[in-house]
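What follows is the content of input_0.cif, which has mmCIF, C-alpha atoms:
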```cif
data_model
#
loop_
_atom_site.label_atom_id
_atom_site.label_comp_id
_atom_site.auth_asym_id
_atom_site.auth_seq_id
_atom_site.Cartn_x
_atom_site.Cartn_y
_atom_site.Cartn_z
CA MET Y 1 107.19 88.70 101.04
CA ALA Y 2 110.90 89.12 101.62
CA ASP Y 3 112.87 87.11 104.20
CA ASP Y 4 112.48 89.92 106.74
CA SER Y 5 108.80 89.73 107.76
CA THR Y 6 108.68 93.50 108.30
CA THR Y 7 109.43 94.31 104.66
CA LEU Y 8 107.56 93.72 101.41
CA GLU Y 9 108.68 93.35 97.84
CA LEU Y 10 107.49 96.22 95.65
CA THR Y 11 108.44 96.49 91.99
CA ARG Y 12 108.84 99.74 90.12
CA SER Y 13 105.88 98.69 87.97
CA GLU Y 14 103.71 98.28 91.07
CA LEU Y 15 104.77 101.69 92.37
CA ARG Y 16 103.81 103.18 89.00
CA GLU Y 17 100.35 101.59 89.24
CA VAL Y 18 99.88 102.93 92.77
CA ALA Y 19 100.98 106.41 91.68
CA GLY Y 20 98.71 106.33 88.63
CA TYR Y 21 95.81 105.33 90.85
CA ALA Y 22 96.61 108.13 93.31
CA VAL Y 23 96.64 110.64 90.44
CA ALA Y 24 93.28 109.42 89.12
CA CYS Y 25 91.80 109.77 92.61
CA ALA Y 26 93.26 113.24 93.28
CA ARG Y 27 92.59 114.85 89.91
CA PRO Y 28 88.81 115.44 90.39
CA ALA Y 29 89.47 117.68 93.40
CA LEU Y 30 92.07 119.84 91.65
CA ALA Y 31 89.39 122.23 90.35
CA ILE Y 32 88.42 123.04 93.94
CA PHE Y 33 91.92 124.24 94.72
CA GLU Y 34 92.26 126.12 91.45
CA ARG Y 35 88.96 127.95 92.03
CA GLU Y 36 90.31 129.30 95.32
CA ARG Y 37 93.90 129.88 94.18
CA PRO Y 38 93.93 130.19 90.37
CA ASP Y 39 97.52 131.45 90.27
CA ASP Y 40 98.96 128.68 92.45
CA GLN Y 41 100.12 125.79 90.29
CA ARG Y 42 101.76 123.67 93.02
CA PRO Y 43 99.01 121.00 93.32
CA ARG Y 44 98.70 120.72 89.54
CA ALA Y 45 102.49 120.40 89.25
CA ALA Y 46 102.42 117.60 91.84
CA ILE Y 47 99.72 115.70 89.98
CA ASP Y 48 101.57 116.20 86.68
CA ALA Y 49 104.86 114.98 88.19
CA ALA Y 50 103.17 111.91 89.65
CA GLN Y 51 101.59 111.18 86.26
CA VAL Y 52 105.00 111.37 84.59
CA PHE Y 53 106.31 108.78 87.04
CA ALA Y 54 103.22 106.59 86.54
CA ASP Y 55 103.78 106.78 82.79
CA GLY Y 56 107.36 105.53 83.05
CA GLY Y 57 109.40 108.49 84.26
CA GLU Y 58 112.09 108.22 86.90
CA ARG Y 59 111.47 108.49 90.62
CA THR Y 60 113.45 111.65 91.29
CA LYS Y 61 113.88 114.41 93.83
CA ALA Y 62 111.49 116.49 91.71
CA LEU Y 63 108.66 114.18 92.81
CA ARG Y 64 109.47 114.82 96.47
CA ASP Y 65 109.84 118.55 95.87
CA ASN Y 66 106.46 118.70 94.14
CA ALA Y 67 104.83 116.69 96.93
CA TRP Y 68 106.22 119.05 99.59
CA ALA Y 69 105.16 122.09 97.55
CA ALA Y 70 101.60 120.77 97.30
CA HIS Y 71 101.57 120.13 101.05
CA ARG Y 72 102.77 123.72 101.66
CA ALA Y 73 99.89 124.91 99.46
CA ALA Y 74 97.58 122.79 101.61
CA GLN Y 75 98.88 124.43 104.80
CA GLU Y 76 98.50 127.91 103.34
CA THR Y 77 94.91 127.31 102.24
CA ARG Y 78 94.08 125.68 105.57
CA ASP Y 79 95.49 128.71 107.39
CA ALA Y 80 93.39 130.96 105.13
CA GLY Y 81 90.21 129.05 106.07
CA GLN Y 82 89.92 127.33 102.69
CA SER Y 83 89.44 123.79 103.98
CA ALA Y 84 88.20 122.22 100.76
CA ALA Y 85 91.12 123.70 98.80
CA SER Y 86 93.49 122.48 101.50
CA ASP Y 87 92.30 118.88 101.17
CA ALA Y 88 92.46 119.13 97.38
CA ALA Y 89 96.10 120.23 97.60
CA ARG Y 90 96.83 117.50 100.13
CA ALA Y 91 95.33 114.95 97.69
CA ALA Y 92 97.78 116.19 95.05
CA GLY Y 93 100.68 115.93 97.47
CA HIS Y 94 99.72 112.37 98.36
CA ALA Y 95 99.51 111.48 94.66
CA CYS Y 96 103.13 112.53 94.28
CA GLY Y 97 104.11 110.81 97.51
CA ALA Y 98 102.58 107.52 96.34
CA ALA Y 99 105.70 106.97 94.26
CA PHE Y 100 107.58 106.62 97.55
CA LEU Y 101 105.43 103.95 99.15
CA HIS Y 102 107.71 102.24 101.65
CA PRO Y 103 108.09 98.45 101.57
CA LEU Y 104 107.41 98.30 105.32
CA ALA Y 105 104.56 96.07 106.47
CA LYS Y 106 102.98 98.84 108.56
CA ALA Y 107 99.40 100.03 108.54
CA THR Y 108 100.56 103.64 108.29
CA GLN Y 109 101.77 102.95 104.74
CA VAL Y 110 98.17 102.47 103.61
CA LYS Y 111 97.84 106.28 103.53
CA HIS Y 112 100.46 106.38 100.75
CA ILE Y 113 98.13 104.22 98.68
CA LEU Y 114 94.73 105.65 99.64
CA GLY Y 115 95.49 109.13 101.01
CA SER Y 116 94.93 110.93 97.72
CA ALA Y 117 91.48 109.37 97.38
CA ALA Y 118 90.51 110.23 100.96
CA HIS Y 119 91.68 113.84 100.78
CA ALA Y 120 89.99 114.32 97.40
CA ALA Y 121 86.78 112.85 98.83
CA ARG Y 122 86.98 115.23 101.78
CA ALA Y 123 87.65 118.21 99.49
CA LEU Y 124 84.63 117.29 97.39
CA GLU Y 125 82.34 116.84 100.39
CA LEU Y 126 83.48 120.13 101.96
CA SER Y 127 82.94 121.89 98.65
CA ALA Y 128 79.38 120.49 98.64
CA GLY Y 129 78.56 121.95 102.05
CA ASP Y 130 80.17 119.16 104.09
CA ASP Y 131 77.94 116.52 102.51
CA PRO Y 132 79.24 113.04 103.46
CA ALA Y 133 77.28 111.50 100.58
CA VAL Y 134 79.55 113.34 98.14
CA GLY Y 135 82.64 111.94 99.88
CA ALA Y 136 81.13 108.47 99.86
CA GLY Y 137 80.48 108.84 96.15
CA HIS Y 138 84.12 109.66 95.49
CA ILE Y 139 85.23 106.72 97.62
CA ALA Y 140 82.94 104.46 95.58
CA GLN Y 141 84.43 105.84 92.36
CA SER Y 142 87.94 105.39 93.75
CA ARG Y 143 87.15 101.75 94.43
CA ILE Y 144 86.21 101.29 90.77
CA LEU Y 145 89.43 103.00 89.64
CA ALA Y 146 91.64 100.58 91.59
CA HIS Y 147 93.50 98.31 89.18
CA PRO Y 148 94.01 94.73 90.45
CA VAL Y 149 97.72 95.52 90.91
CA VAL Y 150 96.82 98.33 93.34
CA VAL Y 151 94.52 96.01 95.26
CA ASP Y 152 97.24 93.35 95.40
CA VAL Y 153 99.75 95.85 96.76
CA LEU Y 154 97.24 97.13 99.31
CA ARG Y 155 96.50 93.62 100.56
CA ARG Y 156 100.17 93.10 101.43
CA TYR Y 157 99.84 95.75 104.13
CA PRO Y 158 97.92 95.56 107.40
CA ALA Y 159 94.51 97.24 107.41
CA ALA Y 160 94.44 101.02 107.71
CA PRO Y 161 94.98 102.22 111.28
CA HIS Y 162 92.32 103.72 113.53
CA GLY Y 163 92.17 107.46 114.10
CA GLY Y 164 92.84 110.28 111.71
CA GLY Y 165 89.46 112.01 111.92
CA ARG Y 166 87.30 112.17 108.81
CA ILE Y 167 90.27 111.45 106.52
CA GLY Y 168 91.00 108.30 108.54
CA GLU Y 169 87.36 107.24 108.21
CA LEU Y 170 87.46 107.70 104.44
CA ILE Y 171 90.72 105.76 104.17
CA ARG Y 172 89.28 102.89 106.23
CA GLN Y 173 86.09 102.84 104.12
CA LEU Y 174 88.08 102.56 100.93
CA ASP Y 175 90.56 100.11 102.45
CA THR Y 176 87.76 97.82 103.61
CA SER Y 177 85.96 97.97 100.26
CA LEU Y 178 89.12 97.08 98.33
CA ARG Y 179 90.13 94.14 100.51
#
```

For the file at hand, write its structure as structure tokens.
Amino acid sequence: MADDSTTLELTRSELREVAGYAVACARPALAIFERERPDDQRPRAAIDAAQVFADGGERTKALRDNAWAAHRAAQETRDAGQSAASDAARAAGHACGAAFLHPLAKATQVKHILGSAAHAARALELSAGDDPAVGAGHIAQSRILAHPVVVDVLRRYPAAPHGGGRIGELIRQLDTSLR
């Protein structure tokens, strides 16, 4: 930890691992979005941009732009009553946003690490008729995907905060299982 107890040290390599993890967690839900909106490439572009960063690319404005675009796609699908597609797009947006994990020792930052997994899990369970077992299965798979570097980064932050509805529950389940 840095001298200031409210900040953490995060290397570019660690941010790449977190982003790569977020991509791996979000990718399975992408098909849900693309089934509903086959001509809308914003979530796929976000996942692709995050993968480029994870593979060694620069952390640029394009990452932020792709994250915001995926979140706009999530809002549009939510407004159209396509909840599963909305969470799938939100998972993609969080994958891109993982590259911008803040080095602040705050529980709210945990969503930058685990948000893509939670939203993908929710998309998958909604797509399966709101079956929580499907979401739990994705959370279990996301636990397996977590590289030790991701777990180490996660452990530097306080536990995930309370609240946040079903997404918050999924984040806390994954957070607890990884710690």

Identify the residues within 6 Å of coordinate (106.7, 111.8, 91.6) (same frame as the file), considering all atoms listed in the file, and give the answer as a PyMOL selection string. chain Y and resi 49-50+53+59+63+96+99

Near-Y:Ile47 list (8 Å; only C-alpha atoms; drop same-chain fewer than 2 positions) as a list in words: Val23, Ala26, Arg27, Pro43, Arg44, Ala45, Ala49, Ala50, Gln51, Ala92, Gly93, Ala95 and Cys96 of chain Y

Residues at most 12 Å from Y:Leu170, counting all atoms listed in the file, excluding those fewer than 5 positions away in the same chain, as a ChimeraX atom specification? /Y:110-111,114-123,125,132-140,142-143,160-165,175-177

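Here the question is which of Y:Glu58, Y:Glu36, Y:Glu76, Y:Leu174 gets nearest to Y:Gln141 using all atoms listed in the file, and that residue is Y:Leu174.
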
Hey, can you check how far atom CA of Y:Ala98 sits from atom CA of Y:Arg16?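 It comes out at 8.6 Å.
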
Just so the selection is clear, what residues does the PyMOL selection byres ((chain Y and resi 69) around 8) cover here, as a tab-separated table (two decimals) with C-alpha atoms, keeping the file's coordinate frame?
```tsv
chain	number	residue	atom	x	y	z
Y	42	ARG	CA	101.76	123.67	93.02
Y	43	PRO	CA	99.01	121.00	93.32
Y	46	ALA	CA	102.42	117.60	91.84
Y	65	ASP	CA	109.84	118.55	95.87
Y	66	ASN	CA	106.46	118.70	94.14
Y	67	ALA	CA	104.83	116.69	96.93
Y	68	TRP	CA	106.22	119.05	99.59
Y	70	ALA	CA	101.60	120.77	97.30
Y	71	HIS	CA	101.57	120.13	101.05
Y	72	ARG	CA	102.77	123.72	101.66
Y	73	ALA	CA	99.89	124.91	99.46
Y	93	GLY	CA	100.68	115.93	97.47
```

Work out how far apart atom CA of Y:Asp55 and atom CA of Y:Pro158 are and give it in Å to one decimal. 27.7 Å

So how far away is atom CA of Y:Thr77 from atom CA of Y:Ala107, in Å? 28.4 Å

Hey, can you pull every residue with an atom no more than 12 Å from (104.6, 95.5, 106.2), using only C-alpha atoms, and send it as an mmCIF file with C-alpha atoms, keeping the file's coordinate frame?
```
data_model
loop_
_atom_site.group_PDB
_atom_site.id
_atom_site.type_symbol
_atom_site.label_atom_id
_atom_site.label_comp_id
_atom_site.auth_asym_id
_atom_site.auth_seq_id
_atom_site.Cartn_x
_atom_site.Cartn_y
_atom_site.Cartn_z
ATOM 1 C CA MET Y 1 107.190 88.700 101.040
ATOM 2 C CA ALA Y 2 110.900 89.120 101.620
ATOM 3 C CA ASP Y 3 112.870 87.110 104.200
ATOM 4 C CA ASP Y 4 112.480 89.920 106.740
ATOM 5 C CA SER Y 5 108.800 89.730 107.760
ATOM 6 C CA THR Y 6 108.680 93.500 108.300
ATOM 7 C CA THR Y 7 109.430 94.310 104.660
ATOM 8 C CA LEU Y 8 107.560 93.720 101.410
ATOM 9 C CA GLU Y 9 108.680 93.350 97.840
ATOM 10 C CA LEU Y 10 107.490 96.220 95.650
ATOM 11 C CA LEU Y 101 105.430 103.950 99.150
ATOM 12 C CA HIS Y 102 107.710 102.240 101.650
ATOM 13 C CA PRO Y 103 108.090 98.450 101.570
ATOM 14 C CA LEU Y 104 107.410 98.300 105.320
ATOM 15 C CA ALA Y 105 104.560 96.070 106.470
ATOM 16 C CA LYS Y 106 102.980 98.840 108.560
ATOM 17 C CA ALA Y 107 99.400 100.030 108.540
ATOM 18 C CA THR Y 108 100.560 103.640 108.290
ATOM 19 C CA GLN Y 109 101.770 102.950 104.740
ATOM 20 C CA VAL Y 110 98.170 102.470 103.610
ATOM 21 C CA VAL Y 153 99.750 95.850 96.760
ATOM 22 C CA LEU Y 154 97.240 97.130 99.310
ATOM 23 C CA ARG Y 155 96.500 93.620 100.560
ATOM 24 C CA ARG Y 156 100.170 93.100 101.430
ATOM 25 C CA TYR Y 157 99.840 95.750 104.130
ATOM 26 C CA PRO Y 158 97.920 95.560 107.400
ATOM 27 C CA ALA Y 159 94.510 97.240 107.410
ATOM 28 C CA ALA Y 160 94.440 101.020 107.710
#
```

Contacts of Y:Ser83 at 9 Å (all atoms listed in the file; same-chain gap of 5+ positions) as a VMD selection string: chain Y and resid 74 77 to 78 88 123 126 to 127

Export of the given selection (C-alpha atoms) as a short mmCIF file (atom, residue, chain, number, x, y, z; two decimals), in the frame of the given file:
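The result, written out as again21.cif:
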```
data_model
loop_
_atom_site.label_atom_id
_atom_site.label_comp_id
_atom_site.auth_asym_id
_atom_site.auth_seq_id
_atom_site.Cartn_x
_atom_site.Cartn_y
_atom_site.Cartn_z
CA ALA Y 74 97.58 122.79 101.61
CA THR Y 77 94.91 127.31 102.24
CA ARG Y 78 94.08 125.68 105.57
CA ALA Y 88 92.46 119.13 97.38
CA ALA Y 123 87.65 118.21 99.49
CA LEU Y 126 83.48 120.13 101.96
CA SER Y 127 82.94 121.89 98.65
#
```

Neighbouring residues of Y:Ala54 were defined as those with any atom within 8 Å, considering only C-alpha atoms; residues of the same chain fewer than 2 positions away were excluded. Please report them as a list in words. Leu15, Arg16, Glu17, Val18, Ala19, Gly20, Ala50, Gln51, Val52, Gly56 and Gly57 of chain Y
